[in-house]
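This report refers to the structure that appears directly beneath it.
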Amino acid sequence: MTTQFRESIETALHNPNLTGALGRFSEAYRISRAKAYEGIDFEAVRDQIVEIKGSASSNFEALAEQFKASAEARGAKVFRTADPAQVKQYILALAKEKGVERVVKSKSMASEEIHLNKAFEQAGIEVDETDLGEWIIQLAHQTPSHMVMPAIHMTKEEVTEVFNQEVEAGQAPDIPKLVKFARAKLRPKFLQADMGITGANIAVAETGSLVIVTNEGNARLVTTLPKIHVAIVGIEKLVALVKDIQPILTALPRSATGQLLTSYVSIISGPVPNTDGSPKELHIILMDNHRSDMAKDPVFKEALQCIRCATCLNVCPVFRLVGGHVFGKTYTGGIGTILTAWFDELKKSEDIQGLCIQCGSCVPLCPGKIDIPRLILELRRRLVVENGQSLAMKAIFSVVNNRRLFHSMLRMASVTQKPFKQGRFIRHLPLFLSDMTDFRSLPAVAAVPLRDTIKNIPQPKGGEKIAFFAGCLIDFCYPEMGESLVNILNKAGIEVLFPEGQTCCGAPARYNGAYEVAAQNAQDNIKALLETEVSYVVSACPTCTVALKYDFLDTFKSVGVTDAMEAAKELSAKTIDFSTLIKKLVDEGRLTFKEGEELGKITYHDSCHLKRTLKASEEPRELLKQAGHEIAEMYECDTCCGMAGSYSLKLPEISAPILERKLKNIKDTGASKVVMDCPGCVMQIRGGLDKDGSPIHAEHTVERLADRFK
Amino acid sequence: MNSHFEAFKTRAEAVSAEVHRFTGKEEALAFILAFLKEAGVSDAPECGAVWSAGPFLEGARSEELRAKVPGLTFEVTREGSAAAKVGISQMDWAIAGTGTLVQDATGVEKRLVSTLPPIHVALIGADRILEDMGGVLERLRPDQLNYISFITGPSRTADIERVLTIGVHGPGRLIIVVVDAFEEVTA
């Protein structure tokens, strides 16, 4: 991580205007988005979008040619190029030929991508952005921090300052007045401009149509008043048919701004008359800039389903803390990280890809059904392949890959931690390690790991057998969670096996791009877990469960391991998370709750992998209620707690405020306990509550249910 | 009676458009005349009204109207529209689901009157309200028309601190006049 990048994060985190504005927006956004989708089948709409955009990106070449032919038949001039430099040359040559002195632009991310304004300025041509947000950042000499709301990072006071300095002194920080001022100042620019530049939200191949959405009405003026209209269109905006417009326009405004439709939509399919009666010159530039390379990549093709609504920014727990500028100059947030890696270069994503906390919040809400966290992991993997792993990481993974060494080191840690241990916590670590304990206490490594204590539990024999995959945290830090799991399953007459050969699930390696290491972990675990015939492989750690159920297969696919695929599928089919298994046993009548218990109010935290990958959110709640608890739901119950494995070690400055927010939401419920299904979340939340001196207990569902069955 | 009117009205008003419904052309005209007067339309500078003529005006009404409202013109120019207080035009279709007006806006005068003046008065027949965008795109076809405009409420921005502000570059008021018996109006 470069120092410059770290500093940009620090600056953003310490800008109260930024974090305040983004925090408030992220809360309001979810509500307005949900309201806008009332009566709409979102899943059906996004399936249509995937179909439309997915088939378009399989046919870019044919669609681009068809678009060109259709638009030219209507009288437009279409220029196709792969190269951003040629886009600028074309526009500047046209401007020169036509004697263009003034240009007005409506918002175009494609023009931001190629830094068009700079090219105009160097050529001595006056260029003005007309979207209010874009105008503000142009005047402020900044770049957009958000695809839909470019100036969301600025307060009205800052905007006033920019207007006073760059346009005309004497403005007051009053939003309606500032907007009126912008209208008055930009109106003559529209009227005087010789050339109007727009982007397009959709380009329809069958008719050569451009679909442009705005709220301010600036695109209507830009395409009406100047005699020349130039549209810069990335080829990912291509769709085949006119009927493809409706699904995209159903999702785009709803997901972008919580509107049913933007104030204005223009469908331009050919030159129109100018105000003096002459026909308008319409030039359309279809720009590739690595989009067709992306389309050929089996993993990243999916990213071309993006409709640029910026949902992935709006719901990202990291974006709302750091804003857009830490991501770079053009595209920001989750999708921006991917686009930057492709449109710019892979290396440019090296630092920013690390910002993704892998919580998956964006996945269920993306209208293009893009699995952004998965694509970011793939960037990570490719960066490691290209640049190699850092020495520190190499050292760590060489240990993790040797189970005996790894486990003996963990056992050793329970001895060496002694000077720092206070009860079951480590509250302060010295030197560079202190970042880890600044905002939360860490759990002490248990004196005896679960793999040893489990041998002392007398278990029923001869009946159903289930294998237990403990995962490192339960095995070495929280063995009591594992013991509770064994006790509960024993009550259902099930014998719990602990296959000794099990090791780290490989998630830490995978999430750091070290797929070879993860593949080795997978191989070792598959061998250990399939050794004895069992009905299920259960885990009480959702991240481990996801590893066993999905990641092993994906990792093998990525690194080209083919001989273990069948075994990986067998393991996947047998793998189940703790709450889902217990719920099943309760439903089958094999486990019965003690009756008439009134255990009081608790709140429940949804762990990212459990809710969004394993899709279990009702199961644990149902169990806790049946046990006798009342659940007081916390605000943002399914927002990440900031742990995310090694993320909290790499970016503690981001992990800490995410945790702080979570703790506040927990405290606000007034519950005396917060329950969750992930030992990683327990580590983060319990550590945070301990550091705060809060009396609230953080527990795993397995602990909460330990004595609740007959 | 158009079954989509109520839905259209609710949606349009939710995005700050003003919706008025009249049974016939005469009532609608009377409303527009009164509205123009109330809005202070006159032949003084910056006080004019520009009307992009459509089928609604057929029957030689324009002379009569011009006589009644000094400052009203049917000659739509760039300068005239930029200086006008009110722009008036007729829309082709409307969408109930989103409260949207849709127009074949290939003729530049139609766009001038609905973009430049601070108030836009839009006329539409009640039988022209369709359920969704798909129906509109079957009737106003991009393969035949070079510029199709969808208008949903007045111009708006939330670019400063996410505070919704009406009327940035386009009209700050959108007055929708729905007429039940819209004579002479056919596709």
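Chain labels run A, B, ... following the order of the structure tokens; each chain numbers its residues from 1, and ligands are numbered from 1 in the order shown.
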
Give me the residues of chain B that have any atom at most 6 Å from an atom of chain A; for each, the nearest atom pair and the distance in Å, rounded to one decimal. Use only C-alpha atoms, sort by chain and number, and format it as JSON lines.
```
{"residue": "B:Thr98", "atom": "CA", "partner": "A:Leu260", "partner_atom": "CA", "distance": 5.8}
{"residue": "B:Thr106", "atom": "CA", "partner": "A:Val272", "partner_atom": "CA", "distance": 5.8}
{"residue": "B:Asp143", "atom": "CA", "partner": "A:Thr207", "partner_atom": "CA", "distance": 5.3}
{"residue": "B:Asn146", "atom": "CA", "partner": "A:Ser269", "partner_atom": "CA", "distance": 4.4}
{"residue": "B:Tyr147", "atom": "CA", "partner": "A:Ile268", "partner_atom": "CA", "distance": 4.6}
{"residue": "B:Ile148", "atom": "CA", "partner": "A:Ile267", "partner_atom": "CA", "distance": 5.0}
{"residue": "B:Ser149", "atom": "CA", "partner": "A:Ser266", "partner_atom": "CA", "distance": 4.7}
{"residue": "B:Phe150", "atom": "CA", "partner": "A:Val265", "partner_atom": "CA", "distance": 4.9}
{"residue": "B:Ile151", "atom": "CA", "partner": "A:Tyr264", "partner_atom": "CA", "distance": 4.9}
{"residue": "B:Thr152", "atom": "CA", "partner": "A:Ser263", "partner_atom": "CA", "distance": 4.4}
{"residue": "B:Gly153", "atom": "CA", "partner": "A:Ser263", "partner_atom": "CA", "distance": 5.7}
{"residue": "B:Ser155", "atom": "CA", "partner": "A:Glu216", "partner_atom": "CA", "distance": 4.8}
{"residue": "B:Arg156", "atom": "CA", "partner": "A:Glu216", "partner_atom": "CA", "distance": 5.0}
{"residue": "B:Thr157", "atom": "CA", "partner": "A:Glu216", "partner_atom": "CA", "distance": 5.7}
{"residue": "B:Asp159", "atom": "CA", "partner": "A:Gly133", "partner_atom": "CA", "distance": 5.1}
{"residue": "B:Glu161", "atom": "CA", "partner": "A:Thr155", "partner_atom": "CA", "distance": 5.9}
{"residue": "B:Val168", "atom": "CA", "partner": "A:Arg183", "partner_atom": "CA", "distance": 5.6}
{"residue": "B:His169", "atom": "CA", "partner": "A:Glu216", "partner_atom": "CA", "distance": 5.6}
{"residue": "B:Gly170", "atom": "CA", "partner": "A:Gly217", "partner_atom": "CA", "distance": 5.2}
```

Could you please take those selected residues and save N, CA and C atoms as a PDB file, in the first residue's frame?
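Listed below is the output, selection.pdb:
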```pdb
ATOM      1  N   THR B  98     -45.389   6.497 -14.448  1.00  0.00           N
ATOM      2  CA  THR B  98     -44.325   7.384 -13.978  1.00  0.00           C
ATOM      3  C   THR B  98     -44.731   8.861 -13.999  1.00  0.00           C
ATOM      4  N   THR B 106     -38.960  16.400 -32.585  1.00  0.00           N
ATOM      5  CA  THR B 106     -38.032  16.627 -33.692  1.00  0.00           C
ATOM      6  C   THR B 106     -37.998  18.113 -34.072  1.00  0.00           C
ATOM      7  N   ASP B 143     -37.413   4.455 -34.714  1.00  0.00           N
ATOM      8  CA  ASP B 143     -36.976   4.190 -36.103  1.00  0.00           C
ATOM      9  C   ASP B 143     -37.593   5.182 -37.084  1.00  0.00           C
ATOM     10  N   ASN B 146     -36.638  11.433 -35.038  1.00  0.00           N
ATOM     11  CA  ASN B 146     -35.248  11.706 -34.666  1.00  0.00           C
ATOM     12  C   ASN B 146     -35.073  12.216 -33.241  1.00  0.00           C
ATOM     13  N   TYR B 147     -36.131  12.744 -32.655  1.00  0.00           N
ATOM     14  CA  TYR B 147     -35.969  13.255 -31.283  1.00  0.00           C
ATOM     15  C   TYR B 147     -37.269  13.012 -30.517  1.00  0.00           C
ATOM     16  N   ILE B 148     -37.212  12.123 -29.545  1.00  0.00           N
ATOM     17  CA  ILE B 148     -38.386  11.864 -28.702  1.00  0.00           C
ATOM     18  C   ILE B 148     -38.051  12.337 -27.290  1.00  0.00           C
ATOM     19  N   SER B 149     -38.946  13.157 -26.737  1.00  0.00           N
ATOM     20  CA  SER B 149     -38.693  13.708 -25.399  1.00  0.00           C
ATOM     21  C   SER B 149     -39.645  13.126 -24.378  1.00  0.00           C
ATOM     22  N   PHE B 150     -39.109  12.709 -23.273  1.00  0.00           N
ATOM     23  CA  PHE B 150     -39.900  12.284 -22.114  1.00  0.00           C
ATOM     24  C   PHE B 150     -39.705  13.351 -21.041  1.00  0.00           C
ATOM     25  N   ILE B 151     -40.811  13.857 -20.505  1.00  0.00           N
ATOM     26  CA  ILE B 151     -40.735  14.895 -19.473  1.00  0.00           C
ATOM     27  C   ILE B 151     -41.505  14.421 -18.247  1.00  0.00           C
ATOM     28  N   THR B 152     -40.820  14.358 -17.116  1.00  0.00           N
ATOM     29  CA  THR B 152     -41.452  13.903 -15.871  1.00  0.00           C
ATOM     30  C   THR B 152     -41.227  14.959 -14.798  1.00  0.00           C
ATOM     31  N   GLY B 153     -42.184  15.818 -14.629  1.00  0.00           N
ATOM     32  CA  GLY B 153     -42.023  16.888 -13.644  1.00  0.00           C
ATOM     33  C   GLY B 153     -41.097  17.983 -14.143  1.00  0.00           C
ATOM     34  N   SER B 155     -37.723  20.594 -14.078  1.00  0.00           N
ATOM     35  CA  SER B 155     -36.275  20.393 -13.974  1.00  0.00           C
ATOM     36  C   SER B 155     -35.875  20.373 -12.504  1.00  0.00           C
ATOM     37  N   ARG B 156     -34.949  19.483 -12.162  1.00  0.00           N
ATOM     38  CA  ARG B 156     -34.577  19.379 -10.748  1.00  0.00           C
ATOM     39  C   ARG B 156     -33.105  19.017 -10.606  1.00  0.00           C
ATOM     40  N   THR B 157     -32.555  19.323  -9.456  1.00  0.00           N
ATOM     41  CA  THR B 157     -31.196  18.896  -9.153  1.00  0.00           C
ATOM     42  C   THR B 157     -31.111  18.604  -7.662  1.00  0.00           C
ATOM     43  N   ASP B 159     -27.700  18.208  -6.610  1.00  0.00           N
ATOM     44  CA  ASP B 159     -26.239  18.103  -6.671  1.00  0.00           C
ATOM     45  C   ASP B 159     -25.518  18.810  -5.530  1.00  0.00           C
ATOM     46  N   GLU B 161     -25.403  18.975  -1.677  1.00  0.00           N
ATOM     47  CA  GLU B 161     -25.810  18.349  -0.409  1.00  0.00           C
ATOM     48  C   GLU B 161     -27.074  17.500  -0.521  1.00  0.00           C
ATOM     49  N   VAL B 168     -33.550  23.956 -12.334  1.00  0.00           N
ATOM     50  CA  VAL B 168     -32.174  24.389 -12.554  1.00  0.00           C
ATOM     51  C   VAL B 168     -32.033  24.884 -13.989  1.00  0.00           C
ATOM     52  N   HIS B 169     -31.855  24.007 -14.969  1.00  0.00           N
ATOM     53  CA  HIS B 169     -31.694  24.541 -16.329  1.00  0.00           C
ATOM     54  C   HIS B 169     -33.013  24.630 -17.092  1.00  0.00           C
ATOM     55  N   GLY B 170     -33.925  23.753 -16.781  1.00  0.00           N
ATOM     56  CA  GLY B 170     -35.221  23.749 -17.478  1.00  0.00           C
ATOM     57  C   GLY B 170     -36.265  24.462 -16.643  1.00  0.00           C
TER      58      GLY B 170
END
```

DSSP strand (DSSP E) residues within chain B, as an MDAnalysis selection string: chainID B and resid 18:24 49:51 72:73 86:90 93:95 100:104 119:125 129:130 147:151 156:157 165:166 173:181

Keeping only N, CA and C atoms, write the selected residues to a file as a short mmCIF file (atom, residue, chain, number, x, y, z; two decimals), in the first residue's frame.
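What ended up in again_23.cif:
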```cif
data_model
loop_
_atom_site.label_atom_id
_atom_site.label_comp_id
_atom_site.auth_asym_id
_atom_site.auth_seq_id
_atom_site.Cartn_x
_atom_site.Cartn_y
_atom_site.Cartn_z
N GLU B 18 -48.02 20.23 -11.83
CA GLU B 18 -49.36 20.66 -11.44
C GLU B 18 -50.31 20.13 -12.52
N VAL B 19 -51.30 19.36 -12.09
CA VAL B 19 -52.17 18.71 -13.08
C VAL B 19 -53.59 19.27 -12.99
N HIS B 20 -54.13 19.71 -14.16
CA HIS B 20 -55.50 20.23 -14.22
C HIS B 20 -56.23 19.47 -15.30
N ARG B 21 -57.50 19.16 -15.04
CA ARG B 21 -58.26 18.40 -16.04
C ARG B 21 -59.52 19.16 -16.44
N PHE B 22 -59.79 19.17 -17.73
CA PHE B 22 -60.97 19.87 -18.24
C PHE B 22 -61.73 18.97 -19.19
N THR B 23 -63.06 19.21 -19.23
CA THR B 23 -63.88 18.34 -20.09
C THR B 23 -63.70 18.69 -21.56
N GLY B 24 -63.52 19.96 -21.87
CA GLY B 24 -63.42 20.32 -23.29
C GLY B 24 -62.36 21.35 -23.55
N ALA B 49 -45.00 34.97 -23.73
CA ALA B 49 -45.29 33.55 -23.73
C ALA B 49 -45.13 33.04 -25.16
N VAL B 50 -44.51 31.86 -25.29
CA VAL B 50 -44.32 31.29 -26.63
C VAL B 50 -45.12 29.98 -26.72
N TRP B 51 -45.87 29.83 -27.77
CA TRP B 51 -46.75 28.66 -27.94
C TRP B 51 -46.33 27.95 -29.22
N LEU B 72 -48.19 37.18 -26.07
CA LEU B 72 -48.24 35.77 -26.51
C LEU B 72 -47.91 35.70 -27.99
N THR B 73 -47.01 34.78 -28.34
CA THR B 73 -46.68 34.63 -29.74
C THR B 73 -46.65 33.17 -30.13
N VAL B 86 -43.33 32.03 -20.18
CA VAL B 86 -44.09 30.79 -20.26
C VAL B 86 -43.93 30.18 -21.66
N GLY B 87 -43.77 28.87 -21.70
CA GLY B 87 -43.77 28.14 -22.96
C GLY B 87 -44.94 27.18 -22.95
N ILE B 88 -45.61 27.06 -24.10
CA ILE B 88 -46.79 26.18 -24.16
C ILE B 88 -46.60 25.21 -25.31
N SER B 89 -46.89 23.95 -25.07
CA SER B 89 -46.82 23.00 -26.17
C SER B 89 -47.76 21.84 -25.92
N GLN B 90 -47.99 21.10 -26.98
CA GLN B 90 -48.89 19.96 -26.89
C GLN B 90 -48.07 18.68 -26.89
N TRP B 93 -48.20 11.78 -25.96
CA TRP B 93 -48.64 10.67 -25.12
C TRP B 93 -48.22 10.94 -23.69
N ALA B 94 -48.80 10.17 -22.79
CA ALA B 94 -48.38 10.26 -21.39
C ALA B 94 -48.28 8.85 -20.81
N ILE B 95 -47.51 8.73 -19.74
CA ILE B 95 -47.31 7.42 -19.11
C ILE B 95 -47.83 7.47 -17.68
N THR B 100 -45.35 10.69 -16.69
CA THR B 100 -44.47 11.26 -17.73
C THR B 100 -45.26 11.74 -18.95
N LEU B 101 -44.79 12.83 -19.55
CA LEU B 101 -45.33 13.30 -20.83
C LEU B 101 -44.33 12.94 -21.91
N VAL B 102 -44.84 12.57 -23.09
CA VAL B 102 -43.93 12.18 -24.16
C VAL B 102 -44.33 12.92 -25.44
N GLN B 103 -43.30 13.30 -26.19
CA GLN B 103 -43.55 14.14 -27.36
C GLN B 103 -42.56 13.81 -28.47
N ASP B 104 -43.06 13.82 -29.69
CA ASP B 104 -42.15 13.84 -30.83
C ASP B 104 -41.59 15.25 -30.86
N ILE B 119 -41.56 28.54 -17.01
CA ILE B 119 -42.81 27.80 -16.82
C ILE B 119 -43.16 27.08 -18.12
N HIS B 120 -43.54 25.82 -18.02
CA HIS B 120 -43.97 25.08 -19.20
C HIS B 120 -45.40 24.60 -18.99
N VAL B 121 -46.28 24.99 -19.93
CA VAL B 121 -47.66 24.50 -19.90
C VAL B 121 -47.78 23.42 -20.98
N ALA B 122 -48.14 22.22 -20.55
CA ALA B 122 -48.20 21.10 -21.49
C ALA B 122 -49.63 20.61 -21.63
N LEU B 123 -50.09 20.52 -22.87
CA LEU B 123 -51.45 20.06 -23.15
C LEU B 123 -51.44 18.60 -23.56
N ILE B 124 -52.42 17.87 -23.07
CA ILE B 124 -52.48 16.45 -23.43
C ILE B 124 -53.93 15.97 -23.37
N GLY B 125 -54.30 15.12 -24.31
CA GLY B 125 -55.65 14.54 -24.30
C GLY B 125 -55.72 13.42 -23.27
N ILE B 129 -53.25 8.83 -22.34
CA ILE B 129 -52.45 8.31 -21.23
C ILE B 129 -52.35 6.79 -21.32
N LEU B 130 -51.14 6.30 -21.46
CA LEU B 130 -50.92 4.86 -21.56
C LEU B 130 -50.32 4.35 -20.25
N TYR B 147 -36.13 12.74 -32.65
CA TYR B 147 -35.97 13.26 -31.28
C TYR B 147 -37.27 13.01 -30.52
N ILE B 148 -37.21 12.12 -29.54
CA ILE B 148 -38.39 11.86 -28.70
C ILE B 148 -38.05 12.34 -27.29
N SER B 149 -38.95 13.16 -26.74
CA SER B 149 -38.69 13.71 -25.40
C SER B 149 -39.64 13.13 -24.38
N PHE B 150 -39.11 12.71 -23.27
CA PHE B 150 -39.90 12.28 -22.11
C PHE B 150 -39.70 13.35 -21.04
N ILE B 151 -40.81 13.86 -20.51
CA ILE B 151 -40.73 14.89 -19.47
C ILE B 151 -41.51 14.42 -18.25
N ARG B 156 -34.95 19.48 -12.16
CA ARG B 156 -34.58 19.38 -10.75
C ARG B 156 -33.11 19.02 -10.61
N THR B 157 -32.56 19.32 -9.46
CA THR B 157 -31.20 18.90 -9.15
C THR B 157 -31.11 18.60 -7.66
N THR B 165 -33.77 20.61 -5.40
CA THR B 165 -34.05 21.98 -5.79
C THR B 165 -34.67 21.95 -7.18
N ILE B 166 -35.81 22.60 -7.30
CA ILE B 166 -36.57 22.56 -8.56
C ILE B 166 -36.14 23.71 -9.46
N ARG B 173 -41.57 25.20 -13.22
CA ARG B 173 -42.96 24.77 -13.05
C ARG B 173 -43.41 24.04 -14.30
N LEU B 174 -44.09 22.94 -14.10
CA LEU B 174 -44.69 22.21 -15.21
C LEU B 174 -46.18 22.11 -14.94
N ILE B 175 -46.97 22.79 -15.79
CA ILE B 175 -48.43 22.79 -15.64
C ILE B 175 -48.99 21.85 -16.70
N ILE B 176 -49.62 20.79 -16.27
CA ILE B 176 -50.16 19.83 -17.23
C ILE B 176 -51.67 20.04 -17.35
N VAL B 177 -52.11 20.30 -18.58
CA VAL B 177 -53.53 20.53 -18.83
C VAL B 177 -54.08 19.32 -19.59
N VAL B 178 -54.88 18.53 -18.88
CA VAL B 178 -55.44 17.32 -19.48
C VAL B 178 -56.86 17.65 -19.98
N VAL B 179 -57.11 17.33 -21.24
CA VAL B 179 -58.42 17.66 -21.83
C VAL B 179 -59.12 16.38 -22.26
N ASP B 180 -60.36 16.22 -21.79
CA ASP B 180 -61.10 15.00 -22.13
C ASP B 180 -61.47 14.93 -23.60
N ALA B 181 -62.20 15.94 -24.08
CA ALA B 181 -62.59 15.94 -25.49
C ALA B 181 -61.59 16.76 -26.28
#
```

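CA of Leu705 (chain A) lies 26.5 Å from CA of Leu571 (chain A).
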
Contact residues around region 342-349 of chain A with only C-alpha atoms at 10 Å, ignoring same-chain residues under 2 positions, as a ChimeraX atom specification: /A:84,113-114,288-291,293-294,300,327-328,330-331,336-340,351-354,376,379-380,382-383,386-387

Residues near region 582-588 of chain A, cut-off 8 Å, only C-alpha atoms, skip fewer than 6 positions along chain, as a PyMOL selection string: chain A and resi 492+619-620+622-623

Shell of 8 Å around region 541-558 of chain A, only C-alpha atoms, local chain residues under 2 positions omitted, as a PyMOL selection string: chain A and resi 469-471+505-507+510+515+518-519+522+538-539+560-562+564-565+568-569+571-573+575-578+607+609-610+613-614+677-680

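Considering the residues B:Leu65, B:Pro55, B:Val76, B:Ala17 and counting only C-alpha atoms, Ala30 (chain B) has its shortest atom-to-atom contact with B:Leu65.
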
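The spacing separating CA of Arg139 (chain B) from CA of Ile32 (chain B) amounts to 27.8 Å.
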
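A straight line drawn from CA of Glu109 (chain B) to CA of Ala82 (chain B) is 11.6 Å long.
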